[in-house]
Every structure is written in C-alpha cells, then in structure tokens.
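Asks: Input file: model-v6.pdb. Contents: PDB, C-alpha atoms, pLDDT in the B column.
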ATOM      1  CA  MET A   1     167.342 174.511-119.488  1.00 81.00           C
ATOM      2  CA  ALA A   2     165.456 177.317-117.800  1.00 85.00           C
ATOM      3  CA  TRP A   3     165.149 181.019-118.454  1.00 74.00           C
ATOM      4  CA  ARG A   4     164.274 184.157-116.553  1.00 79.00           C
ATOM      5  CA  ILE A   5     162.589 187.130-118.175  1.00 76.00           C
ATOM      6  CA  ASN A   6     162.979 190.702-116.849  1.00 70.00           C
ATOM      7  CA  ALA A   7     166.450 189.914-115.591  1.00 66.00           C
ATOM      8  CA  THR A   8     168.779 192.791-114.795  1.00 67.00           C
ATOM      9  CA  ALA A   9     171.389 191.645-117.326  1.00 64.00           C
ATOM     10  CA  GLY A  10     171.373 190.520-120.925  1.00 57.00           C
ATOM     11  CA  GLY A  11     168.640 192.755-122.233  1.00 63.00           C
ATOM     12  CA  GLY A  12     166.113 191.329-119.811  1.00 72.00           C
ATOM     13  CA  VAL A  13     166.587 187.587-120.460  1.00 79.00           C
ATOM     14  CA  GLU A  14     168.859 185.065-118.766  1.00 83.00           C
ATOM     15  CA  MET A  15     169.056 181.389-119.691  1.00 85.00           C
ATOM     16  CA  TYR A  16     170.452 178.650-117.465  1.00 88.00           C
ATOM     17  CA  SER A  17     171.629 175.245-118.635  1.00 90.00           C
ATOM     18  CA  ALA A  18     172.606 172.177-116.604  1.00 90.00           C
ATOM     19  CA  HIS A  19     175.203 169.747-117.919  1.00 88.00           C
ATOM     20  CA  GLY A  20     175.981 166.083-117.351  1.00 89.00           C
ATOM     21  CA  ASN A  21     179.139 166.920-115.408  1.00 91.00           C
ATOM     22  CA  GLY A  22     177.090 168.828-112.805  1.00 88.00           C
ATOM     23  CA  ALA A  23     177.943 172.295-114.093  1.00 90.00           C
ATOM     24  CA  ILE A  24     175.265 174.977-114.399  1.00 90.00           C
ATOM     25  CA  HIS A  25     175.889 177.820-116.852  1.00 88.00           C
ATOM     26  CA  CYS A  26     174.154 181.188-117.074  1.00 84.00           C
ATOM     27  CA  TRP A  27     173.765 182.646-120.565  1.00 84.00           C
ATOM     28  CA  VAL A  28     173.001 186.345-121.022  1.00 80.00           C
ATOM     29  CA  GLY A  29     172.640 188.440-124.149  1.00 73.00           C
ATOM     30  CA  ALA A  30     174.871 191.309-125.123  1.00 67.00           C
ATOM     31  CA  PRO A  31     174.159 194.522-123.257  1.00 65.00           C
ATOM     32  CA  LEU A  32     171.884 196.948-125.059  1.00 63.00           C
ATOM     33  CA  ASP A  33     173.248 200.240-126.275  1.00 69.00           C
ATOM     34  CA  GLU A  34     171.532 203.410-125.078  1.00 70.00           C
ATOM     35  CA  GLU A  35     169.205 203.720-128.097  1.00 70.00           C
ATOM     36  CA  GLU A  36     168.091 200.073-127.890  1.00 68.00           C
ATOM     37  CA  ALA A  37     167.474 200.480-124.163  1.00 64.00           C
ATOM     38  CA  GLU A  38     165.248 203.524-124.815  1.00 68.00           C
ATOM     39  CA  ASP A  39     163.324 201.599-127.486  1.00 69.00           C
ATOM     40  CA  ARG A  40     162.801 198.723-125.058  1.00 69.00           C
ATOM     41  CA  VAL A  41     161.530 201.122-122.373  1.00 65.00           C
ATOM     42  CA  ASP A  42     159.114 202.660-124.898  1.00 71.00           C
ATOM     43  CA  MET A  43     157.839 199.201-125.896  1.00 74.00           C
ATOM     44  CA  ASP A  44     157.484 198.211-122.225  1.00 76.00           C
ATOM     45  CA  ALA A  45     155.356 201.311-121.624  1.00 75.00           C
ATOM     46  CA  VAL A  46     153.165 200.464-124.631  1.00 77.00           C
ATOM     47  CA  GLU A  47     152.752 196.891-123.386  1.00 81.00           C
ATOM     48  CA  GLN A  48     151.845 198.097-119.875  1.00 82.00           C
ATOM     49  CA  ASP A  49     149.250 200.488-121.321  1.00 84.00           C
ATOM     50  CA  ARG A  50     147.774 197.652-123.390  1.00 85.00           C
ATOM     51  CA  LYS A  51     147.510 195.421-120.299  1.00 86.00           C
ATOM     52  CA  ARG A  52     145.876 198.217-118.273  1.00 87.00           C
ATOM     53  CA  LYS A  53     143.323 198.833-121.038  1.00 90.00           C
ATOM     54  CA  ARG A  54     142.532 195.122-121.215  1.00 89.00           C
ATOM     55  CA  LYS A  55     141.964 195.001-117.436  1.00 88.00           C
ATOM     56  CA  ARG A  56     139.720 198.095-117.582  1.00 88.00           C
ATOM     57  CA  ASP A  57     137.732 196.528-120.415  1.00 88.00           C
ATOM     58  CA  LEU A  58     137.307 193.263-118.499  1.00 87.00           C
ATOM     59  CA  ILE A  59     136.158 195.053-115.350  1.00 86.00           C
ATOM     60  CA  GLY A  60     133.817 197.198-117.434  1.00 85.00           C
ATOM     61  CA  ASP A  61     132.301 194.065-118.986  1.00 85.00           C
ATOM     62  CA  ILE A  62     131.798 192.514-115.551  1.00 82.00           C
ATOM     63  CA  VAL A  63     130.153 195.647-114.143  1.00 82.00           C
ATOM     64  CA  GLU A  64     127.968 196.023-117.227  1.00 83.00           C
ATOM     65  CA  GLY A  65     126.869 192.396-116.978  1.00 79.00           C
ATOM     66  CA  LEU A  66     125.969 192.791-113.315  1.00 76.00           C
ATOM     67  CA  THR A  67     124.090 196.063-113.731  1.00 80.00           C
ATOM     68  CA  LYS A  68     121.996 195.041-116.744  1.00 79.00           C
ATOM     69  CA  LYS A  69     120.527 191.944-115.127  1.00 71.00           C
ATOM     70  CA  PRO A  70     117.417 192.577-113.054  1.00 72.00           C
ATOM     71  CA  LEU A  71     117.869 191.725-109.398  1.00 67.00           C
ATOM     72  CA  THR A  72     114.991 190.087-107.578  1.00 74.00           C
ATOM     73  CA  LEU A  73     115.082 189.563-103.851  1.00 73.00           C
ATOM     74  CA  VAL A  74     113.236 186.611-102.436  1.00 71.00           C
TER      75      VAL A  74
END
Could I get this file's structure written as structure tokens?

Replies:
Amino acid sequence: MAWRINATAGGGVEMYSAHGNGAIHCWVGAPLDEEEAEDRVDMDAVEQDRKRKRKRDLIGDIVEGLTKKPLTLV
C-alpha cells in the first residue's frame, strides 16, 4: 500500500493498493462539499502560517547565535 497527500481528488489523499493477482487499485475519499473545502483551505492557510513562523524563528535563532559570539581574526 502507498498513499499520496495533496492529491487533486479525494479530499487531498489518495491510497494505492497492490494485489496478488497483479491488480493495482486507487482509493480516494468522497469529494468535499463546499463548506468542508473552505474549512480545509482555512486550515491549510493556518498551517502554512505556522510553518513560516517556525522558519523565521529558526533563522532568527541562527542569526542571533552568530551575532552574539565575538569574532576574532587570526
């Protein structure tokens, strides 16, 4: 079995299964109604904002660590 996230169908998730007879099946979820789709978009935006903030914090920590250490040239 394998799955793919952020697929265009099935609410963003597709699952594939291989069978002993050589068949491969694709499983997708039921399509989202308009309200569920809007909720998912809102949650995706929140998740993207969270990831951006985490990246900014990490870069800030790196810069702070580099600027607080005294630099001596030999």

Asks: Work out how far apart CA of Glu14 (chain A) and CA of Arg50 (chain A) are and give it in Å to one decimal.

Replies: 25.0 Å

Asks: What's around region 16-20 of chain A at 7 Å? Count all atoms listed in the file, leave out sequence neighbours fewer than 4 positions away in its own chain, and write the answer as a list in words.

Replies: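 The contact residues come out as Met1, Ala2, Trp3, Ile24, His25, Cys26 and Trp27 of chain A.
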
Asks: Mind pulling up the distance from CA of Arg4 (chain A) to CA of Val28 (chain A)?

Replies: 10.0 Å

Asks: Which of these residues is nearest to Met15 (chain A), using all atoms listed in the file: A:Met43, A:Gly29, A:Asp49, A:Lys55?

Replies: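 Smallest separation from Met15 (chain A) among the options: A:Gly29.
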
Asks: What's the separation between CA of Ile59 (chain A) and CA of Leu73 (chain A), in Å to one decimal place?

Replies: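 Distance reported for this atom pair: 24.6 Å.
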